[in-house]
>>> print(open('structure.txt').read())   # compact mmCIF, C-alpha atoms
# COMPACT_ATOMS: atom_id res chain seq x y z
CA MET A 218 -84.71 155.20 -27.03
CA THR A 219 -82.54 155.29 -23.93
CA ALA A 220 -79.21 154.24 -25.38
CA SER A 221 -76.23 155.15 -23.24
CA PHE A 222 -73.07 154.11 -25.01
CA ASP A 223 -70.86 155.38 -22.20
CA GLN A 224 -72.38 152.86 -19.79
CA LEU A 225 -69.94 150.03 -19.14
CA ILE A 226 -71.71 146.67 -19.14
CA THR A 227 -69.73 143.80 -17.65
CA ARG A 228 -69.80 140.85 -20.04
CA GLU A 229 -67.59 138.41 -18.17
CA GLY A 230 -69.59 135.39 -17.09
CA SER A 231 -72.20 135.83 -19.83
CA LEU A 232 -70.55 133.19 -22.08
CA SER A 233 -69.25 136.02 -24.24
CA LEU A 234 -66.78 134.67 -26.77
CA LYS A 235 -64.89 137.97 -26.77
CA HIS A 236 -64.45 138.02 -22.99
CA ASP A 237 -64.95 134.52 -21.63
CA GLY A 238 -63.08 132.99 -24.58
CA LEU A 239 -59.79 134.81 -23.92
CA LEU A 240 -58.09 131.85 -22.26
CA ASP A 241 -58.96 129.42 -25.05
CA THR A 242 -57.91 131.82 -27.79
CA PHE A 243 -54.99 133.75 -26.33
CA GLY A 244 -53.94 131.62 -23.36
CA VAL A 245 -54.42 134.52 -20.94
CA THR A 246 -57.28 136.23 -19.13
CA ASP A 247 -55.71 139.45 -17.81
CA VAL A 248 -56.05 141.36 -21.08
CA GLN A 249 -58.55 143.85 -22.48
CA ALA A 250 -60.76 142.21 -25.12
CA MET A 251 -60.92 144.18 -28.38
CA TRP A 252 -60.99 141.38 -30.93
CA VAL A 253 -64.30 139.63 -31.76
CA ALA A 254 -66.54 141.83 -33.91
CA ASP A 255 -69.42 142.45 -31.57
CA MET A 256 -69.98 145.56 -29.47
CA ASP A 257 -70.11 146.10 -25.71
CA PHE A 258 -73.39 148.01 -26.04
CA ALA A 259 -76.90 146.93 -25.08
CA ALA A 260 -79.19 146.16 -28.00
CA PRO A 261 -81.94 148.70 -28.75
CA ASP A 262 -84.78 148.91 -26.23
CA ALA A 263 -87.27 147.77 -28.89
CA VAL A 264 -85.30 144.55 -29.37
CA LEU A 265 -85.00 143.92 -25.64
CA GLU A 266 -88.73 144.47 -25.17
CA ALA A 267 -89.65 142.16 -28.07
CA LEU A 268 -87.45 139.42 -26.61
CA LYS A 269 -88.97 139.86 -23.14
CA VAL A 270 -92.50 139.62 -24.51
CA ARG A 271 -91.65 136.46 -26.45
CA ALA A 272 -89.83 134.93 -23.45
CA GLU A 273 -92.95 135.37 -21.32
CA HIS A 274 -94.78 132.87 -23.52
CA PRO A 275 -93.77 129.58 -21.90
CA ILE A 276 -93.58 127.46 -25.06
CA TYR A 277 -90.59 127.78 -27.37
CA GLY A 278 -91.67 125.48 -30.16
CA TYR A 279 -91.06 125.43 -33.90
CA SER A 280 -91.68 128.92 -35.22
CA MET A 281 -92.24 130.62 -38.55
CA ALA A 282 -91.25 133.99 -39.93
CA PRO A 283 -94.27 136.31 -40.21
CA GLU A 284 -94.86 138.40 -43.30
CA SER A 285 -94.32 141.47 -41.12
CA LEU A 286 -90.66 140.42 -40.68
CA TYR A 287 -90.08 140.42 -44.43
CA GLN A 288 -91.86 143.74 -44.77
CA ALA A 289 -89.68 145.27 -42.04
CA LEU A 290 -86.56 144.32 -44.01
CA VAL A 291 -88.03 145.59 -47.30
CA GLU A 292 -88.86 148.95 -45.70
CA TRP A 293 -85.48 149.23 -43.94
CA ILE A 294 -83.51 148.73 -47.14
CA CYS A 295 -85.74 151.17 -49.02
CA VAL A 296 -85.50 153.91 -46.39
CA LYS A 297 -81.85 153.38 -45.46
CA HIS A 298 -80.34 152.59 -48.85
CA GLY A 299 -82.91 153.60 -51.48
CA TRP A 300 -83.25 150.09 -52.90
CA GLU A 301 -86.76 148.80 -53.57
CA ILE A 302 -86.62 145.04 -53.23
CA LYS A 303 -89.42 142.51 -53.62
CA ARG A 304 -90.60 140.24 -50.83
CA GLU A 305 -90.05 137.11 -52.91
CA TRP A 306 -86.34 137.94 -53.35
CA ILE A 307 -85.65 137.33 -49.64
CA VAL A 308 -84.32 134.01 -48.37
CA LEU A 309 -83.71 133.77 -44.62
CA THR A 310 -80.46 132.07 -43.60
CA PRO A 311 -78.80 131.19 -40.26
CA GLY A 312 -76.06 133.83 -40.60
CA VAL A 313 -73.91 135.55 -43.21
CA VAL A 314 -70.91 133.24 -42.70
CA PRO A 315 -72.98 130.08 -43.38
CA SER A 316 -74.46 131.93 -46.37
CA LEU A 317 -71.02 132.17 -47.99
CA SER A 318 -70.69 128.39 -48.21
CA LEU A 319 -74.39 128.01 -48.99
CA VAL A 320 -74.22 130.23 -52.07
CA VAL A 321 -70.90 128.84 -53.31
CA SER A 322 -72.12 125.27 -52.90
CA ALA A 323 -75.47 125.93 -54.58
CA LEU A 324 -74.26 127.94 -57.58
CA THR A 325 -70.82 126.54 -58.43
CA ASN A 326 -69.32 123.14 -59.09
CA GLN A 327 -66.32 121.30 -57.69
CA ASP A 328 -63.03 122.97 -58.70
CA ASP A 329 -64.77 126.18 -59.86
CA GLY A 330 -62.95 129.37 -58.90
CA VAL A 331 -63.87 131.60 -55.96
CA ILE A 332 -62.34 135.10 -55.79
CA VAL A 333 -61.62 136.86 -52.50
CA GLN A 334 -59.88 140.18 -51.85
CA PRO A 335 -57.46 139.97 -48.92
CA PRO A 336 -56.74 141.13 -46.35
CA VAL A 337 -60.32 140.04 -45.71
CA TYR A 338 -62.53 138.55 -42.99
CA PHE A 339 -60.97 135.11 -42.57
CA PRO A 340 -64.07 132.91 -43.26
CA PHE A 341 -63.90 134.22 -46.85
CA LEU A 342 -60.53 132.54 -47.22
CA SER A 343 -61.74 129.14 -45.99
CA VAL A 344 -64.89 128.89 -48.11
CA ALA A 345 -63.09 127.66 -51.22
CA ASN A 346 -61.22 124.92 -49.37
CA ASN A 347 -64.27 123.86 -47.37
CA THR A 348 -66.37 123.48 -50.52
CA GLY A 349 -63.72 121.95 -52.77
CA ARG A 350 -63.40 125.05 -54.98
CA GLN A 351 -60.27 126.84 -56.21
CA LEU A 352 -59.26 129.96 -54.32
CA PHE A 353 -58.25 133.00 -56.37
CA GLN A 354 -56.86 135.90 -54.35
CA ASN A 355 -57.15 139.43 -55.70
CA PRO A 356 -55.22 141.35 -53.00
CA LEU A 357 -56.24 144.91 -52.23
CA VAL A 358 -53.61 147.58 -52.84
CA LEU A 359 -52.54 149.82 -49.95
CA THR A 360 -51.95 153.36 -51.18
CA LEU A 361 -52.37 156.99 -50.12
CA ASP A 362 -55.42 159.15 -50.77
CA SER A 363 -55.33 162.82 -51.79
CA PHE A 364 -54.96 163.83 -48.12
CA GLY A 365 -51.98 161.55 -47.55
CA ASN A 366 -53.97 159.01 -45.52
CA SER A 367 -53.61 155.28 -46.01
CA THR A 368 -56.39 153.67 -48.02
CA TYR A 369 -57.06 150.53 -49.99
CA GLU A 370 -57.98 150.12 -53.65
CA ILE A 371 -58.99 147.22 -55.86
CA ASP A 372 -56.44 145.99 -58.39
CA PHE A 373 -58.85 145.86 -61.32
CA ALA A 374 -56.40 144.51 -63.87
CA HIS A 375 -55.61 141.57 -61.62
CA PHE A 376 -59.29 141.18 -60.76
CA GLU A 377 -60.16 140.82 -64.43
CA ALA A 378 -57.47 138.17 -64.85
CA CYS A 379 -59.05 136.26 -61.96
CA ALA A 380 -62.58 136.79 -63.32
CA LYS A 381 -61.65 134.99 -66.54
CA GLN A 382 -60.97 131.83 -64.53
CA ALA A 383 -63.51 131.97 -61.70
CA LYS A 384 -67.27 131.63 -61.18
CA ILE A 385 -67.99 133.83 -58.18
CA LEU A 386 -66.57 136.79 -56.26
CA LEU A 387 -67.08 137.06 -52.51
CA LEU A 388 -67.18 140.83 -52.05
CA CYS A 389 -66.91 142.41 -48.61
CA SER A 390 -68.77 145.74 -48.77
CA PRO A 391 -68.05 147.68 -46.57
CA HIS A 392 -64.79 145.87 -46.18
CA ASN A 393 -63.70 144.05 -43.03
CA PRO A 394 -60.97 144.61 -41.79
CA VAL A 395 -59.69 147.60 -43.79
CA GLY A 396 -62.84 149.73 -43.39
CA ARG A 397 -63.24 150.75 -47.03
CA VAL A 398 -66.66 151.77 -48.28
CA TRP A 399 -66.48 151.19 -52.01
CA SER A 400 -67.44 154.11 -54.26
CA GLU A 401 -70.16 153.81 -56.89
CA TYR A 402 -67.46 154.11 -59.57
CA GLU A 403 -65.51 151.19 -58.12
CA LEU A 404 -68.60 149.04 -57.81
CA GLN A 405 -69.76 149.83 -61.34
CA LYS A 406 -66.33 148.88 -62.68
CA LEU A 407 -66.33 145.66 -60.66
CA LEU A 408 -69.81 144.82 -61.90
CA ALA A 409 -68.93 145.53 -65.54
CA ILE A 410 -65.97 143.14 -65.41
CA ALA A 411 -68.08 140.50 -63.72
CA LYS A 412 -70.78 140.71 -66.37
CA GLN A 413 -68.25 140.60 -69.19
CA HIS A 414 -66.89 137.29 -67.90
CA GLY A 415 -70.08 135.71 -66.52
CA LEU A 416 -68.91 136.06 -62.92
CA MET A 417 -71.46 135.99 -60.11
CA ILE A 418 -70.99 138.21 -57.05
CA LEU A 419 -72.04 137.51 -53.48
CA SER A 420 -71.91 140.91 -51.81
CA ASP A 421 -71.60 140.66 -48.03
CA GLU A 422 -73.14 143.94 -46.86
CA ILE A 423 -73.49 143.06 -43.18
CA HIS A 424 -71.76 146.35 -42.25
CA ALA A 425 -73.76 148.47 -44.72
CA ASP A 426 -75.59 150.39 -41.98
CA LEU A 427 -72.36 151.27 -40.14
CA VAL A 428 -70.93 153.98 -42.40
CA TYR A 429 -69.42 157.28 -41.27
CA PRO A 430 -70.46 160.74 -42.54
CA ASP A 431 -67.48 161.04 -44.90
CA ALA A 432 -68.63 158.06 -46.98
CA LYS A 433 -71.78 156.62 -48.56
CA HIS A 434 -72.66 152.98 -48.97
CA HIS A 435 -73.88 151.90 -52.40
CA VAL A 436 -75.81 148.64 -52.57
CA LEU A 437 -74.24 146.61 -55.36
CA GLY A 438 -77.49 144.80 -56.12
CA MET A 439 -79.16 148.13 -56.84
CA LEU A 440 -76.56 148.78 -59.56
CA ASP A 441 -77.22 145.40 -61.17
CA ILE A 442 -79.93 146.56 -63.58
CA GLU A 443 -80.35 143.14 -65.20
CA GLN A 444 -80.66 141.53 -61.74
CA ASP A 445 -78.73 138.46 -62.87
CA THR A 446 -75.30 138.83 -61.27
CA VAL A 447 -75.51 139.97 -57.64
CA ILE A 448 -76.71 138.23 -54.49
CA THR A 449 -76.72 140.44 -51.40
CA ALA A 450 -76.23 139.24 -47.83
CA VAL A 451 -77.63 141.41 -45.03
CA ALA A 452 -78.34 141.02 -41.32
CA PRO A 453 -79.28 143.11 -38.29
CA SER A 454 -76.49 141.44 -36.30
CA LYS A 455 -73.66 143.98 -36.62
CA THR A 456 -75.94 147.01 -36.87
CA PHE A 457 -77.88 146.32 -33.67
CA ASN A 458 -75.35 144.13 -31.81
CA ILE A 459 -77.35 140.89 -31.91
CA PRO A 460 -74.98 138.51 -33.77
CA GLY A 461 -75.50 135.72 -31.26
CA LEU A 462 -79.11 135.39 -32.40
CA GLY A 463 -77.92 134.16 -35.79
CA LEU A 464 -80.46 135.23 -38.42
CA SER A 465 -79.64 136.88 -41.74
CA ALA A 466 -81.08 137.21 -45.21
CA LEU A 467 -80.00 136.77 -48.79
CA ILE A 468 -81.58 139.07 -51.37
CA ILE A 469 -81.69 137.14 -54.65
CA PRO A 470 -83.54 138.80 -57.56
CA HIS A 471 -82.63 136.08 -60.08
CA GLU A 472 -85.25 133.33 -59.83
CA ALA A 473 -83.03 130.43 -60.92
CA HIS A 474 -80.33 131.42 -58.43
CA ARG A 475 -82.92 131.78 -55.71
CA LYS A 476 -84.46 128.36 -56.31
CA ALA A 477 -81.04 126.68 -56.37
CA ILE A 478 -80.08 128.29 -53.07
CA GLN A 479 -83.43 127.47 -51.45
CA SER A 480 -83.10 123.87 -52.57
CA HIS A 481 -79.58 123.56 -51.20
CA LEU A 482 -80.59 125.20 -47.91
CA ALA A 483 -83.48 122.75 -47.56
CA SER A 484 -81.15 119.81 -48.19
CA THR A 485 -78.90 120.81 -45.28
CA GLY A 486 -81.73 120.57 -42.76
CA VAL A 487 -80.61 123.85 -41.17
CA SER A 488 -83.41 125.67 -39.37
CA VAL A 489 -84.10 129.41 -39.28
CA THR A 490 -87.03 129.10 -36.88
CA ASN A 491 -85.55 130.27 -33.58
CA PRO A 492 -88.43 132.29 -32.05
CA PHE A 493 -86.08 134.80 -30.41
CA SER A 494 -84.13 135.43 -33.62
CA LEU A 495 -87.33 136.13 -35.50
CA VAL A 496 -88.75 138.72 -33.10
CA ALA A 497 -85.39 140.46 -32.63
CA PHE A 498 -84.81 140.66 -36.39
CA GLU A 499 -88.15 142.35 -36.99
CA ALA A 500 -88.01 144.68 -33.97
CA ALA A 501 -84.52 145.88 -34.91
CA TYR A 502 -85.39 146.75 -38.50
CA ARG A 503 -88.77 148.21 -37.61
CA HIS A 504 -87.78 150.36 -34.63
CA GLY A 505 -83.99 150.75 -34.72
CA HIS A 506 -83.48 153.93 -36.75
CA ASP A 507 -83.02 156.38 -33.87
CA TRP A 508 -80.80 153.99 -31.92
CA LEU A 509 -78.57 153.49 -34.96
CA ASN A 510 -78.25 157.23 -35.54
CA ALA A 511 -77.08 157.66 -31.95
CA LEU A 512 -74.67 154.74 -32.28
CA LEU A 513 -73.12 156.13 -35.48
CA ALA A 514 -72.57 159.53 -33.86
CA TYR A 515 -70.85 157.84 -30.91
CA LEU A 516 -68.67 155.57 -33.07
CA HIS A 517 -67.69 158.52 -35.26
CA GLU A 518 -66.50 160.40 -32.17
CA THR A 519 -64.57 157.33 -31.09
CA ARG A 520 -62.92 156.94 -34.49
CA GLU A 521 -61.85 160.59 -34.49
CA MET A 522 -60.55 160.23 -30.95
CA VAL A 523 -58.39 157.23 -31.88
CA MET A 524 -57.04 158.96 -34.99
CA ALA A 525 -56.05 162.04 -33.00
CA TYR A 526 -54.51 160.01 -30.17
CA ALA A 527 -52.46 157.88 -32.54
CA LYS A 528 -51.18 160.94 -34.36
CA ASP A 529 -50.03 162.56 -31.11
CA HIS A 530 -48.85 159.58 -29.08
CA LEU A 531 -48.37 156.55 -31.36
CA PRO A 532 -46.31 157.92 -34.26
CA ARG A 533 -45.09 154.48 -35.36
CA ILE A 534 -48.60 153.06 -35.65
CA LYS A 535 -50.68 154.32 -38.56
CA VAL A 536 -54.43 154.01 -38.28
CA VAL A 537 -56.11 153.36 -41.62
CA PRO A 538 -59.12 155.74 -41.52
CA ALA A 539 -62.17 153.48 -41.54
CA GLN A 540 -65.06 154.76 -43.66
CA GLY A 541 -67.34 152.12 -42.17
CA THR A 542 -67.58 149.37 -39.51
CA TYR A 543 -66.48 149.68 -35.86
CA LEU A 544 -63.18 148.01 -36.70
CA LEU A 545 -59.89 149.87 -37.12
CA TRP A 546 -56.96 148.51 -39.11
CA LEU A 547 -53.68 149.41 -37.42
CA ASP A 548 -50.53 149.51 -39.54
CA CYS A 549 -47.75 148.51 -37.12
CA ARG A 550 -45.05 147.78 -39.69
CA GLN A 551 -42.89 150.73 -38.61
CA LEU A 552 -42.31 148.91 -35.32
CA GLY A 553 -40.15 146.47 -37.25
CA LEU A 554 -41.51 143.41 -35.44
CA SER A 555 -42.35 139.96 -36.68
CA ASP A 556 -46.02 139.01 -36.41
CA GLU A 557 -45.21 136.79 -33.44
CA ALA A 558 -43.36 139.63 -31.69
CA LEU A 559 -46.14 142.07 -32.54
CA GLN A 560 -48.74 139.81 -30.97
CA LYS A 561 -46.50 139.42 -27.92
CA LEU A 562 -46.20 143.22 -27.60
CA PHE A 563 -49.96 143.67 -27.60
CA LEU A 564 -50.74 140.71 -25.34
CA GLU A 565 -47.89 140.72 -22.84
CA GLN A 566 -46.78 144.35 -22.68
CA ALA A 567 -49.95 146.29 -23.54
CA LYS A 568 -52.34 143.63 -22.16
CA LEU A 569 -54.60 143.98 -25.19
CA ALA A 570 -56.28 141.21 -27.16
CA LEU A 571 -56.67 142.32 -30.78
CA SER A 572 -57.08 140.29 -33.95
CA PRO A 573 -53.67 139.78 -35.59
CA GLY A 574 -53.53 140.92 -39.20
CA VAL A 575 -52.12 137.63 -40.47
CA MET A 576 -55.55 136.05 -39.81
CA PHE A 577 -56.90 138.04 -42.75
CA GLY A 578 -54.55 136.66 -45.39
CA LYS A 579 -52.23 138.36 -47.85
CA GLY A 580 -51.38 141.91 -46.86
CA GLY A 581 -52.23 141.35 -43.21
CA SER A 582 -48.71 140.84 -41.91
CA GLY A 583 -47.65 143.69 -39.62
CA PHE A 584 -51.23 144.84 -38.96
CA MET A 585 -53.67 144.47 -36.07
CA ARG A 586 -57.46 144.86 -36.08
CA MET A 587 -58.95 146.82 -33.18
CA ASN A 588 -62.63 146.72 -32.23
CA ILE A 589 -63.75 150.18 -31.04
CA GLY A 590 -67.33 149.08 -30.37
CA THR A 591 -67.02 149.77 -26.67
CA THR A 592 -67.10 152.78 -24.35
CA GLN A 593 -64.79 155.64 -25.22
CA GLU A 594 -63.30 155.29 -21.75
CA ASN A 595 -62.39 151.69 -22.58
CA VAL A 596 -60.82 152.76 -25.86
CA LEU A 597 -58.74 155.45 -24.16
CA ILE A 598 -57.56 152.95 -21.55
CA ALA A 599 -56.45 150.64 -24.35
CA LEU A 600 -54.62 153.43 -26.17
CA ASP A 601 -52.83 154.45 -22.99
CA LYS A 602 -51.78 150.85 -22.41
CA LEU A 603 -50.37 150.68 -25.93
CA LYS A 604 -48.53 153.96 -25.49
CA GLN A 605 -46.92 152.76 -22.28
CA ALA A 606 -45.94 149.44 -23.85
CA LEU A 607 -44.25 151.22 -26.73
CA ASN A 608 -42.45 153.58 -24.38
>>> encode(input="structure.txt", output="structure tokens")
Amino acid sequence: MTASFDQLITREGSLSLKHDGLLDTFGVTDVQAMWVADMDFAAPDAVLEALKVRAEHPIYGYSMAPESLYQALVEWICVKHGWEIKREWIVLTPGVVPSLSLVVSALTNQDDGVIVQPPVYFPFLSVANNTGRQLFQNPLVLTLDSFGNSTYEIDFAHFEACAKQAKILLLCSPHNPVGRVWSEYELQKLLAIAKQHGLMILSDEIHADLVYPDAKHHVLGMLDIEQDTVITAVAPSKTFNIPGLGLSALIIPHEAHRKAIQSHLASTGVSVTNPFSLVAFEAAYRHGHDWLNALLAYLHETREMVMAYAKDHLPRIKVVPAQGTYLLWLDCRQLGLSDEALQKLFLEQAKLALSPGVMFGKGGSGFMRMNIGTTQENVLIALDKLKQALN
């Protein structure tokens, strides 16, 4: 492993959505890109080497996933999260976002209810409309923890009211954008309510490997003893910074659910046979442990740096302490600006492109999401820009 997270890699001109897509998304190009949820770090050496070896073979025909790929995922989840899954539970899919619609379409009917918990990653909000289902929103509650820091909790009473009317919950765990890593108690309570009302749960755990030392990720599927309620979505994309390769997996212990999802996936004609995706997926899970440990140490330093800087120099912006992900949720409500004016402040005065909180639904107004998956120098430059803009 030769990871150097302080090395600045220029991404302009590489067809990077985060960098080369600034003009289309924000209408400007002279801003620092801290929005799209990928990192400015090179993928692990093992992944790069696997891709080079595959690229040297001159034929890029239809490919198949080897058994060693499945075994790499089984071993990763066992070692990293203590969950012993079976090979036959795994269904490969072309990404976690497509998996949301795939599962909802396969396991629910028209006009069935889909629960989401905003503010949440915006594709969650569009799944119900795109599939002709009813959207039930169970907004998270912003409160203070025992140390006086902002945190989010689940409104369980309201969740149960929604569960009585819905068929499936789309759970974001760890949560994007607020950075919560749900406790075992919270997950057990969520699961108990779901079982009481026959509610299925699709648990998006794409950020499960990106958890800081002050928290612990609990795999919801591991808590589902009967193995009849939870479907888990995982991918190496966020963990190892390879989201453009577009390969993920659903872990589906329940046979009837699994067959329904496989059948629906087959009917779409969508392929998961990209030869580069396959080799990168396996190499990341098989050889990525040391690289991930180094990344987590670096991101933890960055998170602490941002928290300290904001406390000293940005008193009107409160950073919600993320327990996981490389995304920080900035509470800018004390600035007293409309969402349009807030976006203008960041774009025009600070020259920063962040994701506006209103994208994430209820509870997002007055917030901004900052991607700290870049060099610490870059992050400090951004913070200084914001400080000057506010001054």
>>> axis_aligned_box(input="structure.txt", around="range 500-505 of chain A", padding_each_side="4 Å", output="lines of an AutoDock Vina configuration file")
center_x = -86.4
center_y = 147.7
center_z = -36.2
size_x = 12.8
size_y = 14.1
size_z = 12.5
>>> closest_residue(input="structure.txt", among="A:Leu408, A:Val321, A:Leu495, A:Ala263", to="Ser343 in chain A", atoms="all atoms listed in the file")
A:Val321
>>> residues_around(input="structure.txt", residues="Phe353 in chain A", least_positions_apart="2", cutoff="12 Å", atoms="all atoms listed in the file", output="ChimeraX atom specification")
/A:328-335,341-346,350-351,355-356,375-387,579
>>> atom_distance(input="structure.txt", atom1="CA of Met281 in chain A", atom2="CA of Ile307 in chain A")
14.5 Å
>>> residues_around(input="structure.txt", residues="Leu427 in chain A", least_positions_apart="2", cutoff="7 Å", atoms="only C-alpha atoms", output="JSON, numbers by chain")
{"A": [424, 425, 429, 456, 513, 541, 542]}
>>> closest_residue(input="structure.txt", among="A:Ser390, A:Thr485, A:Asn588, A:Ser494", to="Leu286 in chain A", atoms="all atoms listed in the file")
A:Ser494
>>> atom_distance(input="structure.txt", atom1="CA of Thr325 in chain A", atom2="CA of Trp399 in chain A")
25.8 Å
>>> atom_distance(input="structure.txt", atom1="CA of Trp252 in chain A", atom2="CA of Leu569 in chain A")
9.0 Å
>>> closest_residue(input="structure.txt", among="A:Leu440, A:Leu225, A:Arg550, A:Leu324", to="Leu407 in chain A", atoms="only C-alpha atoms")
A:Leu440
